[in-house]
Every structure is written in structure tokens, then in C-alpha cells.
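Visitor: So I've got this file, target_12.cif, and it contains mmCIF, N, CA and C atoms:
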data_upload
#
loop_
_atom_site.label_atom_id
_atom_site.label_comp_id
_atom_site.auth_asym_id
_atom_site.auth_seq_id
_atom_site.Cartn_x
_atom_site.Cartn_y
_atom_site.Cartn_z
N MET J 137 26.73 174.20 81.43
CA MET J 137 27.63 173.54 80.54
C MET J 137 28.31 174.57 79.65
N THR J 138 29.53 174.28 79.26
CA THR J 138 30.29 175.19 78.44
C THR J 138 29.89 175.04 76.97
N PRO J 139 29.56 176.15 76.31
CA PRO J 139 29.19 176.06 74.90
C PRO J 139 30.38 175.66 74.04
N ASN J 140 30.10 175.12 72.89
CA ASN J 140 31.11 174.77 71.92
C ASN J 140 31.72 176.07 71.39
N VAL J 141 33.05 176.14 71.36
CA VAL J 141 33.74 177.36 70.94
C VAL J 141 33.47 177.67 69.47
N ILE J 142 33.30 176.65 68.66
CA ILE J 142 33.15 176.86 67.22
C ILE J 142 31.77 177.41 66.87
N ASP J 143 30.70 176.79 67.34
CA ASP J 143 29.37 177.21 66.92
C ASP J 143 28.50 177.76 68.05
N GLY J 144 29.02 177.86 69.26
CA GLY J 144 28.27 178.45 70.37
C GLY J 144 27.23 177.53 70.99
N ARG J 145 27.14 176.29 70.53
CA ARG J 145 26.16 175.35 71.07
C ARG J 145 26.81 174.47 72.12
N ALA J 146 25.96 173.89 72.96
CA ALA J 146 26.45 172.95 73.96
C ALA J 146 26.95 171.70 73.24
N PRO J 147 27.85 170.94 73.88
CA PRO J 147 28.34 169.70 73.27
C PRO J 147 27.19 168.73 72.99
N ALA J 148 27.38 167.86 72.00
CA ALA J 148 26.34 166.92 71.58
C ALA J 148 25.76 166.10 72.72
N PRO J 149 26.58 165.55 73.65
CA PRO J 149 25.97 164.78 74.74
C PRO J 149 25.05 165.61 75.63
N VAL J 150 25.37 166.87 75.81
CA VAL J 150 24.53 167.75 76.62
C VAL J 150 23.23 168.02 75.88
N ARG J 151 23.32 168.27 74.58
CA ARG J 151 22.10 168.49 73.78
C ARG J 151 21.23 167.25 73.79
N ALA J 152 21.82 166.08 73.70
CA ALA J 152 21.05 164.83 73.72
C ALA J 152 20.36 164.63 75.07
N GLN J 153 21.07 164.95 76.15
CA GLN J 153 20.46 164.84 77.48
C GLN J 153 19.29 165.81 77.62
N ARG J 154 19.43 167.01 77.12
CA ARG J 154 18.35 168.00 77.18
C ARG J 154 17.15 167.53 76.35
N ALA J 155 17.42 166.95 75.19
CA ALA J 155 16.34 166.45 74.33
C ALA J 155 15.59 165.31 75.02
N ARG J 156 16.31 164.39 75.69
CA ARG J 156 15.65 163.30 76.42
C ARG J 156 14.80 163.85 77.55
N ARG J 157 15.31 164.85 78.26
CA ARG J 157 14.55 165.47 79.35
C ARG J 157 13.28 166.12 78.82
N SER J 158 13.39 166.81 77.68
CA SER J 158 12.21 167.44 77.08
C SER J 158 11.20 166.39 76.62
N LEU J 159 11.68 165.30 76.04
CA LEU J 159 10.78 164.24 75.59
C LEU J 159 10.06 163.62 76.79
N GLY J 160 10.79 163.40 77.88
CA GLY J 160 10.16 162.87 79.10
C GLY J 160 9.10 163.81 79.64
N ARG J 161 9.40 165.09 79.62
CA ARG J 161 8.41 166.07 80.07
C ARG J 161 7.18 166.08 79.16
N LEU J 162 7.41 165.95 77.87
CA LEU J 162 6.29 165.95 76.93
C LEU J 162 5.39 164.72 77.17
N VAL J 163 6.00 163.58 77.43
CA VAL J 163 5.22 162.36 77.72
C VAL J 163 4.43 162.55 79.02
N ARG J 164 5.09 163.07 80.06
CA ARG J 164 4.39 163.32 81.33
C ARG J 164 3.29 164.37 81.14
N TYR J 165 3.55 165.37 80.31
CA TYR J 165 2.55 166.38 80.00
C TYR J 165 1.30 165.73 79.40
N GLY J 166 1.51 164.81 78.48
CA GLY J 166 0.39 164.08 77.88
C GLY J 166 -0.37 163.25 78.89
N MET J 167 0.36 162.61 79.81
CA MET J 167 -0.29 161.81 80.85
C MET J 167 -1.14 162.69 81.76
N VAL J 168 -0.62 163.85 82.11
CA VAL J 168 -1.40 164.78 82.93
C VAL J 168 -2.62 165.26 82.14
N GLY J 169 -2.47 165.44 80.84
CA GLY J 169 -3.59 165.83 80.00
C GLY J 169 -4.71 164.80 80.03
N VAL J 170 -4.36 163.53 80.01
CA VAL J 170 -5.37 162.47 80.09
C VAL J 170 -6.05 162.51 81.46
N ALA J 171 -5.25 162.65 82.51
CA ALA J 171 -5.83 162.75 83.86
C ALA J 171 -6.72 163.98 83.96
N ASN J 172 -6.29 165.07 83.35
CA ASN J 172 -7.05 166.32 83.36
C ASN J 172 -8.41 166.13 82.69
N ALA J 173 -8.42 165.43 81.58
CA ALA J 173 -9.69 165.16 80.88
C ALA J 173 -10.62 164.34 81.77
N ALA J 174 -10.07 163.38 82.49
CA ALA J 174 -10.88 162.55 83.39
C ALA J 174 -11.44 163.38 84.55
N VAL J 175 -10.63 164.28 85.09
CA VAL J 175 -11.09 165.15 86.18
C VAL J 175 -12.20 166.06 85.67
N TYR J 176 -11.99 166.64 84.50
CA TYR J 176 -13.01 167.51 83.91
C TYR J 176 -14.33 166.76 83.75
N TYR J 177 -14.27 165.61 83.10
CA TYR J 177 -15.50 164.90 82.78
C TYR J 177 -16.20 164.38 84.04
N THR J 178 -15.42 163.91 85.00
CA THR J 178 -16.00 163.44 86.26
C THR J 178 -16.71 164.59 86.97
N THR J 179 -16.04 165.73 87.06
CA THR J 179 -16.66 166.91 87.70
C THR J 179 -17.92 167.32 86.94
N TYR J 180 -17.82 167.36 85.63
CA TYR J 180 -18.96 167.74 84.79
C TYR J 180 -20.16 166.83 85.07
N ARG J 181 -19.91 165.54 85.07
CA ARG J 181 -21.03 164.59 85.27
C ARG J 181 -21.60 164.68 86.69
N LEU J 182 -20.73 164.91 87.69
CA LEU J 182 -21.19 164.98 89.08
C LEU J 182 -22.11 166.18 89.33
N VAL J 183 -21.85 167.29 88.66
CA VAL J 183 -22.63 168.50 88.93
C VAL J 183 -23.62 168.83 87.83
N LEU J 184 -23.69 168.03 86.78
CA LEU J 184 -24.56 168.30 85.65
C LEU J 184 -26.02 168.46 86.04
N GLU J 185 -26.55 167.51 86.77
CA GLU J 185 -27.98 167.55 87.13
C GLU J 185 -28.34 168.76 88.00
N PRO J 186 -27.59 169.01 89.07
CA PRO J 186 -28.02 170.12 89.93
C PRO J 186 -27.80 171.51 89.33
N VAL J 187 -26.79 171.69 88.44
CA VAL J 187 -26.48 173.06 87.99
C VAL J 187 -26.68 173.29 86.50
N GLY J 188 -26.89 172.26 85.71
CA GLY J 188 -27.05 172.43 84.27
C GLY J 188 -25.73 172.32 83.53
N TYR J 189 -25.81 172.15 82.21
CA TYR J 189 -24.61 171.82 81.43
C TYR J 189 -23.58 172.94 81.37
N LEU J 190 -24.00 174.19 81.24
CA LEU J 190 -23.04 175.28 81.10
C LEU J 190 -22.27 175.51 82.40
N ALA J 191 -22.97 175.54 83.52
CA ALA J 191 -22.29 175.69 84.81
C ALA J 191 -21.43 174.47 85.10
N ALA J 192 -21.91 173.29 84.73
CA ALA J 192 -21.12 172.06 84.93
C ALA J 192 -19.83 172.12 84.11
N HIS J 193 -19.94 172.62 82.90
CA HIS J 193 -18.76 172.78 82.05
C HIS J 193 -17.76 173.74 82.69
N ALA J 194 -18.23 174.90 83.15
CA ALA J 194 -17.35 175.89 83.78
C ALA J 194 -16.70 175.33 85.04
N LEU J 195 -17.49 174.65 85.88
CA LEU J 195 -16.93 174.05 87.10
C LEU J 195 -15.92 172.96 86.75
N GLY J 196 -16.24 172.15 85.75
CA GLY J 196 -15.32 171.10 85.32
C GLY J 196 -14.00 171.68 84.85
N LEU J 197 -14.07 172.74 84.06
CA LEU J 197 -12.84 173.39 83.59
C LEU J 197 -12.03 173.96 84.76
N ALA J 198 -12.71 174.61 85.70
CA ALA J 198 -12.02 175.23 86.84
C ALA J 198 -11.33 174.16 87.70
N VAL J 199 -12.06 173.12 88.04
CA VAL J 199 -11.47 172.05 88.87
C VAL J 199 -10.33 171.38 88.13
N ALA J 200 -10.54 171.08 86.86
CA ALA J 200 -9.50 170.42 86.08
C ALA J 200 -8.25 171.29 85.95
N MET J 201 -8.43 172.62 85.82
CA MET J 201 -7.28 173.50 85.68
C MET J 201 -6.46 173.53 86.98
N VAL J 202 -7.12 173.56 88.10
CA VAL J 202 -6.39 173.57 89.38
C VAL J 202 -5.65 172.25 89.58
N VAL J 203 -6.33 171.14 89.32
CA VAL J 203 -5.69 169.83 89.46
C VAL J 203 -4.53 169.72 88.48
N SER J 204 -4.74 170.17 87.25
CA SER J 204 -3.70 170.13 86.23
C SER J 204 -2.48 170.95 86.65
N TYR J 205 -2.72 172.11 87.23
CA TYR J 205 -1.61 172.95 87.70
C TYR J 205 -0.74 172.19 88.70
N PHE J 206 -1.36 171.60 89.69
CA PHE J 206 -0.58 170.90 90.71
C PHE J 206 0.09 169.65 90.16
N LEU J 207 -0.58 168.92 89.27
CA LEU J 207 0.06 167.75 88.66
C LEU J 207 1.24 168.16 87.79
N HIS J 208 1.08 169.24 87.04
CA HIS J 208 2.20 169.69 86.20
C HIS J 208 3.37 170.17 87.06
N CYS J 209 3.07 170.89 88.12
CA CYS J 209 4.16 171.33 89.00
C CYS J 209 4.92 170.13 89.57
N ARG J 210 4.18 169.19 90.10
CA ARG J 210 4.78 168.05 90.81
C ARG J 210 5.35 167.00 89.86
N PHE J 211 4.55 166.58 88.88
CA PHE J 211 4.87 165.41 88.07
C PHE J 211 5.60 165.77 86.78
N THR J 212 5.14 166.78 86.07
CA THR J 212 5.71 167.09 84.76
C THR J 212 7.00 167.89 84.86
N PHE J 213 6.99 168.96 85.67
CA PHE J 213 8.12 169.88 85.69
C PHE J 213 8.93 169.89 86.98
N SER J 214 8.46 169.19 88.01
CA SER J 214 9.18 169.11 89.30
C SER J 214 9.55 170.49 89.83
N VAL J 215 8.55 171.36 89.90
CA VAL J 215 8.76 172.70 90.46
C VAL J 215 7.81 172.89 91.63
N ARG J 216 8.19 173.80 92.51
CA ARG J 216 7.35 174.11 93.67
C ARG J 216 6.20 175.00 93.24
N PRO J 217 4.97 174.63 93.61
CA PRO J 217 3.84 175.51 93.28
C PRO J 217 3.97 176.85 94.00
N THR J 218 3.76 177.92 93.26
CA THR J 218 3.77 179.27 93.85
C THR J 218 2.56 180.02 93.32
N TRP J 219 2.20 181.09 94.01
CA TRP J 219 1.09 181.91 93.53
C TRP J 219 1.41 182.51 92.17
N ARG J 220 2.63 182.91 91.95
CA ARG J 220 3.02 183.52 90.67
C ARG J 220 2.82 182.53 89.52
N ARG J 221 3.28 181.31 89.72
CA ARG J 221 3.09 180.28 88.70
C ARG J 221 1.60 179.98 88.51
N PHE J 222 0.88 179.92 89.63
CA PHE J 222 -0.54 179.62 89.57
C PHE J 222 -1.29 180.67 88.76
N LEU J 223 -0.89 181.93 88.90
CA LEU J 223 -1.56 183.01 88.17
C LEU J 223 -1.15 183.04 86.69
N ARG J 224 0.03 182.54 86.36
CA ARG J 224 0.47 182.49 84.95
C ARG J 224 -0.09 181.28 84.22
N PHE J 225 -0.36 180.21 84.94
CA PHE J 225 -0.76 178.94 84.33
C PHE J 225 -2.00 179.04 83.44
N PRO J 226 -3.07 179.71 83.84
CA PRO J 226 -4.26 179.74 82.98
C PRO J 226 -4.03 180.31 81.59
N TRP J 227 -3.03 181.17 81.41
CA TRP J 227 -2.78 181.72 80.08
C TRP J 227 -2.35 180.64 79.11
N SER J 228 -1.56 179.68 79.57
CA SER J 228 -1.18 178.59 78.67
C SER J 228 -2.39 177.74 78.31
N GLN J 229 -3.28 177.55 79.25
CA GLN J 229 -4.48 176.76 79.00
C GLN J 229 -5.46 177.52 78.10
N ALA J 230 -5.57 178.82 78.28
CA ALA J 230 -6.43 179.63 77.41
C ALA J 230 -5.92 179.59 75.98
N THR J 231 -4.61 179.58 75.82
CA THR J 231 -4.03 179.47 74.48
C THR J 231 -4.41 178.14 73.85
N ASN J 232 -4.40 177.08 74.65
CA ASN J 232 -4.80 175.76 74.14
C ASN J 232 -6.25 175.77 73.67
N ILE J 233 -7.12 176.34 74.47
CA ILE J 233 -8.53 176.41 74.11
C ILE J 233 -8.71 177.22 72.83
N ALA J 234 -8.04 178.36 72.74
CA ALA J 234 -8.15 179.20 71.54
C ALA J 234 -7.58 178.49 70.32
N ALA J 235 -6.41 177.89 70.46
CA ALA J 235 -5.77 177.22 69.32
C ALA J 235 -6.60 176.05 68.81
N THR J 236 -7.13 175.25 69.72
CA THR J 236 -7.94 174.11 69.27
C THR J 236 -9.25 174.58 68.66
N THR J 237 -9.86 175.61 69.22
CA THR J 237 -11.12 176.12 68.67
C THR J 237 -10.91 176.69 67.27
N ILE J 238 -9.90 177.53 67.12
CA ILE J 238 -9.60 178.11 65.81
C ILE J 238 -9.23 177.00 64.83
N GLY J 239 -8.44 176.04 65.29
CA GLY J 239 -8.04 174.92 64.44
C GLY J 239 -9.22 174.09 63.97
N VAL J 240 -10.13 173.79 64.87
CA VAL J 240 -11.31 172.99 64.50
C VAL J 240 -12.14 173.73 63.46
N VAL J 241 -12.41 174.99 63.71
CA VAL J 241 -13.22 175.78 62.78
C VAL J 241 -12.54 175.85 61.41
N ALA J 242 -11.24 176.15 61.40
CA ALA J 242 -10.51 176.26 60.14
C ALA J 242 -10.50 174.93 59.39
N LEU J 243 -10.23 173.86 60.09
CA LEU J 243 -10.17 172.55 59.44
C LEU J 243 -11.53 172.12 58.88
N VAL J 244 -12.59 172.37 59.63
CA VAL J 244 -13.92 172.02 59.13
C VAL J 244 -14.24 172.84 57.87
N HIS J 245 -13.87 174.12 57.88
CA HIS J 245 -14.10 174.95 56.69
C HIS J 245 -13.25 174.51 55.50
N LEU J 246 -12.13 173.86 55.79
CA LEU J 246 -11.28 173.34 54.71
C LEU J 246 -11.73 171.96 54.24
N GLY J 247 -12.78 171.42 54.86
CA GLY J 247 -13.32 170.15 54.40
C GLY J 247 -12.96 168.94 55.25
N VAL J 248 -12.22 169.15 56.33
CA VAL J 248 -11.89 168.03 57.22
C VAL J 248 -13.16 167.69 58.01
N GLY J 249 -13.42 166.42 58.20
CA GLY J 249 -14.61 166.00 58.91
C GLY J 249 -14.67 166.51 60.34
N GLU J 250 -15.90 166.76 60.81
CA GLU J 250 -16.10 167.30 62.16
C GLU J 250 -15.61 166.36 63.25
N ARG J 251 -15.56 165.07 62.98
CA ARG J 251 -15.10 164.10 63.98
C ARG J 251 -13.58 164.03 64.04
N VAL J 252 -12.91 164.35 62.96
CA VAL J 252 -11.45 164.26 62.89
C VAL J 252 -10.79 165.60 63.21
N ALA J 253 -11.47 166.69 62.91
CA ALA J 253 -10.89 168.03 63.07
C ALA J 253 -10.34 168.30 64.47
N PRO J 254 -11.05 167.92 65.56
CA PRO J 254 -10.48 168.19 66.89
C PRO J 254 -9.16 167.45 67.14
N LEU J 255 -9.04 166.25 66.61
CA LEU J 255 -7.79 165.50 66.79
C LEU J 255 -6.65 166.17 66.03
N ALA J 256 -6.92 166.59 64.81
CA ALA J 256 -5.90 167.27 64.02
C ALA J 256 -5.51 168.61 64.66
N ALA J 257 -6.49 169.33 65.18
CA ALA J 257 -6.20 170.61 65.84
C ALA J 257 -5.35 170.39 67.09
N ALA J 258 -5.61 169.31 67.81
CA ALA J 258 -4.84 169.02 69.02
C ALA J 258 -3.39 168.71 68.69
N VAL J 259 -3.15 168.07 67.55
CA VAL J 259 -1.77 167.76 67.15
C VAL J 259 -0.94 169.04 67.04
N VAL J 260 -1.57 170.11 66.59
CA VAL J 260 -0.88 171.39 66.48
C VAL J 260 -0.86 172.12 67.83
N ALA J 261 -1.96 172.07 68.56
CA ALA J 261 -2.10 172.85 69.79
C ALA J 261 -1.28 172.30 70.95
N VAL J 262 -1.16 170.99 71.07
CA VAL J 262 -0.48 170.41 72.24
C VAL J 262 0.98 170.85 72.33
N PRO J 263 1.78 170.78 71.26
CA PRO J 263 3.17 171.26 71.40
C PRO J 263 3.27 172.74 71.76
N ILE J 264 2.38 173.56 71.20
CA ILE J 264 2.38 174.99 71.53
C ILE J 264 2.06 175.18 73.00
N THR J 265 1.03 174.49 73.46
CA THR J 265 0.63 174.60 74.87
C THR J 265 1.71 174.06 75.78
N PHE J 266 2.38 172.98 75.37
CA PHE J 266 3.48 172.44 76.16
C PHE J 266 4.58 173.49 76.35
N LEU J 267 4.94 174.17 75.28
CA LEU J 267 5.97 175.21 75.39
C LEU J 267 5.52 176.36 76.29
N LEU J 268 4.27 176.78 76.15
CA LEU J 268 3.76 177.87 76.99
C LEU J 268 3.64 177.45 78.46
N THR J 269 3.25 176.20 78.70
CA THR J 269 3.19 175.71 80.07
C THR J 269 4.59 175.62 80.66
N THR J 270 5.55 175.18 79.86
CA THR J 270 6.94 175.15 80.32
C THR J 270 7.39 176.54 80.73
N LEU J 271 7.08 177.54 79.91
CA LEU J 271 7.42 178.92 80.24
C LEU J 271 6.73 179.38 81.52
N ALA J 272 5.44 179.08 81.64
CA ALA J 272 4.66 179.54 82.79
C ALA J 272 5.14 178.91 84.10
N LEU J 273 5.54 177.66 84.06
CA LEU J 273 5.86 176.96 85.30
C LEU J 273 7.35 176.92 85.62
N THR J 274 8.21 177.01 84.62
CA THR J 274 9.64 176.91 84.90
C THR J 274 10.40 178.20 84.62
N GLY J 275 9.80 179.11 83.86
CA GLY J 275 10.52 180.32 83.49
C GLY J 275 11.56 180.06 82.43
N ARG J 276 11.42 178.94 81.73
CA ARG J 276 12.36 178.59 80.65
C ARG J 276 11.57 178.27 79.41
N ARG J 277 12.16 178.56 78.27
CA ARG J 277 11.49 178.22 77.01
C ARG J 277 11.40 176.72 76.86
N SER J 278 12.51 176.05 77.02
CA SER J 278 12.54 174.61 76.87
C SER J 278 13.89 174.11 77.35
N THR J 279 13.92 172.94 77.94
CA THR J 279 15.21 172.37 78.32
C THR J 279 15.99 171.97 77.08
N ALA J 280 15.29 171.77 75.96
CA ALA J 280 15.98 171.39 74.72
C ALA J 280 16.81 172.55 74.19
N THR J 281 16.34 173.78 74.35
CA THR J 281 17.10 174.93 73.85
C THR J 281 18.12 175.42 74.85
N GLY J 282 17.83 175.19 76.13
CA GLY J 282 18.73 175.66 77.16
C GLY J 282 18.68 177.16 77.36
N THR J 283 17.75 177.84 76.70
CA THR J 283 17.62 179.28 76.79
C THR J 283 16.77 179.66 77.99
N ARG J 284 17.32 180.47 78.88
CA ARG J 284 16.57 180.90 80.07
C ARG J 284 15.74 182.13 79.76
N VAL J 285 14.56 182.11 80.33
CA VAL J 285 13.68 183.28 80.28
C VAL J 285 13.40 183.65 81.73
N PRO J 286 13.46 184.92 82.10
CA PRO J 286 13.23 185.27 83.50
C PRO J 286 11.88 184.74 84.00
N ALA J 287 11.90 184.18 85.20
CA ALA J 287 10.67 183.59 85.79
C ALA J 287 9.73 184.66 86.28
#
Go through the file and emit its structure as C-alpha cells.
Guide:
Amino acid sequence: MTPNVIDGRAPAPVRAQRARRSLGRLVRYGMVGVANAAVYYTTYRLVLEPVGYLAAHALGLAVAMVVSYFLHCRFTFSVRPTWRRFLRFPWSQATNIAATTIGVVALVHLGVGERVAPLAAAVVAVPITFLLTTLALTGRRSTATGTRVPA
């Protein structure tokens, strides 16, 4: 699309279309997140008895990450799965784990209850992880900005 000559931005209808596309992706991202949690927990429970909780947790995370990758490629971002994307994907997920862990610890130290802190930390972590996953899988910062980043 041709940028606006005055301020260098795309015309308002184009920006609105990009914002709707980003909102749709964010909703689908959340849906995949719910499915991902179910895959993790199902895997965890299936292997808990034979391997113990720590190995079950690691296996659950690994299976959920692979399933999440393919669901995000197909459903959230409509991109073809590639080895390059597959190898970049875990970094966005590691960022999510780090952000939520740091957030929970910080919030609990600030006096937020231990039951509420993970939810509050997720509110901050999910948008960050969404942007990083968008970068990892599409090579773009966001469809809302229209700014390309090399894949």
C-alpha cells in the first residue's frame, strides 16, 4: 500500500484492516494457548506415573511446544512450517516462561497474592510473547505496524 504523503503512514482504511488482522491473530493465538495448555496437562498426566513429575513436566512442555508450533503455523499465522521457523520458535516460548516467572516473583514480593500473581504476570507476558512469536514465524514485527523484518 502507498504511504500517506503527509505523515508517511498508510491510509486509515489500510491501518484499520491491519489492526483487525492483528486482533484476529491475537484471538487465535489465545485459542492455541488454551489448546497448548490442554496438550501439556494431558501429556503430563499420561506419563506422570511411569516417569515422575519432573520428567513428566519436561515431556509435557516438549510435546506442547511442538504441537503449539504447528498450530500457530497453520491456524494463527497461516505460514508453512519450516525448519528455520521451528528452530526460532522455542525462543519466543522461553521468553514467555522467563517473563511469567519473573513477573510472578516480582508481584508476590510486591504483595500480590500467590493465586493472582500468575494471572497478572500473564497479562503482561502474553502480548510480548505474541509479538515474538509473530517475529519467529512470519519474519514481521506485526501486521499492525506493517514493518518488515527479514525472515
Visitor: Give me, please, the distance in Å between atom CA of J:Gln229 and atom CA of J:His193, quoted to one decimal.
Guide: 15.1 Å
Visitor: Which residue, J:Val163, J:Ala174, J:Ala235, J:Val168, has the smallest gap to J:Ala258 when you use all atoms listed in the file?
Guide: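 Among the listed residues, J:Ala235 lies closest to J:Ala258.
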Visitor: What does the structure give for the distance between atom N of J:Ile233 and atom CA of J:Gly166, in Å to one decimal?
Guide: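 According to the coordinates, atom N of J:Ile233 and atom CA of J:Gly166 are separated by 14.8 Å.
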Visitor: With 8 Å on each side, where is the centre of the axis-aligned box around all listed atoms of stretch 257-264 of chain J, and how long are its edges in Å to one decimal, as JSON?
Guide:
{"center_x": -1.6, "center_y": 171.5, "center_z": 69.1, "size_x": 25.8, "size_y": 23.4, "size_z": 23.8}
Visitor: Rounded to one decimal in Å, what is the spacing between atom CA of J:Arg157 and atom CA of J:Leu255?
Guide: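 That distance, rounded to one decimal, is 25.6 Å.
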Visitor: So which one's closest to J:Phe211, J:Arg164, J:Ala173, J:Thr269, J:Ala230? Using all atoms listed in the file, please.
Guide: J:Arg164
Visitor: Tell me which protein, DNA and RNA residues are within 12 Å of J:Leu159, counting only C-alpha atoms, leaving out same-chain ones fewer than 4 positions away, and put them as JSON, numbers by chain.
Guide: {"J": [152, 153, 154, 155, 163, 164, 165, 166, 212, 213, 263, 266, 267, 278, 279, 280]}
Visitor: Near J:Leu195, within 10 Å and counting only C-alpha atoms, which residues show up once chain neighbours fewer than 5 positions away are dropped, as a PDB file with N, CA and C atoms, in the coordinates of the input?
Guide:
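Output file out-v2.pdb follows:
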ATOM      1  N   TYR J 176     -11.990 166.640  84.500  1.00  0.00           N
ATOM      2  CA  TYR J 176     -13.010 167.510  83.910  1.00  0.00           C
ATOM      3  C   TYR J 176     -14.330 166.760  83.750  1.00  0.00           C
ATOM      4  N   THR J 179     -16.040 165.730  87.060  1.00  0.00           N
ATOM      5  CA  THR J 179     -16.660 166.910  87.700  1.00  0.00           C
ATOM      6  C   THR J 179     -17.920 167.320  86.940  1.00  0.00           C
ATOM      7  N   TYR J 180     -17.820 167.360  85.630  1.00  0.00           N
ATOM      8  CA  TYR J 180     -18.960 167.740  84.790  1.00  0.00           C
ATOM      9  C   TYR J 180     -20.160 166.830  85.070  1.00  0.00           C
ATOM     10  N   VAL J 183     -21.850 167.290  88.660  1.00  0.00           N
ATOM     11  CA  VAL J 183     -22.630 168.500  88.930  1.00  0.00           C
ATOM     12  C   VAL J 183     -23.620 168.830  87.830  1.00  0.00           C
ATOM     13  N   LEU J 184     -23.690 168.030  86.780  1.00  0.00           N
ATOM     14  CA  LEU J 184     -24.560 168.300  85.650  1.00  0.00           C
ATOM     15  C   LEU J 184     -26.020 168.460  86.040  1.00  0.00           C
ATOM     16  N   VAL J 187     -26.790 171.690  88.440  1.00  0.00           N
ATOM     17  CA  VAL J 187     -26.480 173.060  87.990  1.00  0.00           C
ATOM     18  C   VAL J 187     -26.680 173.290  86.500  1.00  0.00           C
ATOM     19  N   TYR J 189     -25.810 172.150  82.210  1.00  0.00           N
ATOM     20  CA  TYR J 189     -24.610 171.820  81.430  1.00  0.00           C
ATOM     21  C   TYR J 189     -23.580 172.940  81.370  1.00  0.00           C
ATOM     22  N   LEU J 190     -24.000 174.190  81.240  1.00  0.00           N
ATOM     23  CA  LEU J 190     -23.040 175.280  81.100  1.00  0.00           C
ATOM     24  C   LEU J 190     -22.270 175.510  82.400  1.00  0.00           C
ATOM     25  N   ALA J 200     -10.540 171.080  86.860  1.00  0.00           N
ATOM     26  CA  ALA J 200      -9.500 170.420  86.080  1.00  0.00           C
ATOM     27  C   ALA J 200      -8.250 171.290  85.950  1.00  0.00           C
ATOM     28  N   MET J 201      -8.430 172.620  85.820  1.00  0.00           N
ATOM     29  CA  MET J 201      -7.280 173.500  85.680  1.00  0.00           C
ATOM     30  C   MET J 201      -6.460 173.530  86.980  1.00  0.00           C
TER      31      MET J 201
END
Visitor: Using all atoms listed in the file, which of J:Ala272, J:Ile264, J:Val170, J:Leu182 sits nearest J:Leu223?
Guide: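 Once distances to J:Leu223 are computed over all atoms listed in the file, the minimum belongs to J:Ala272.
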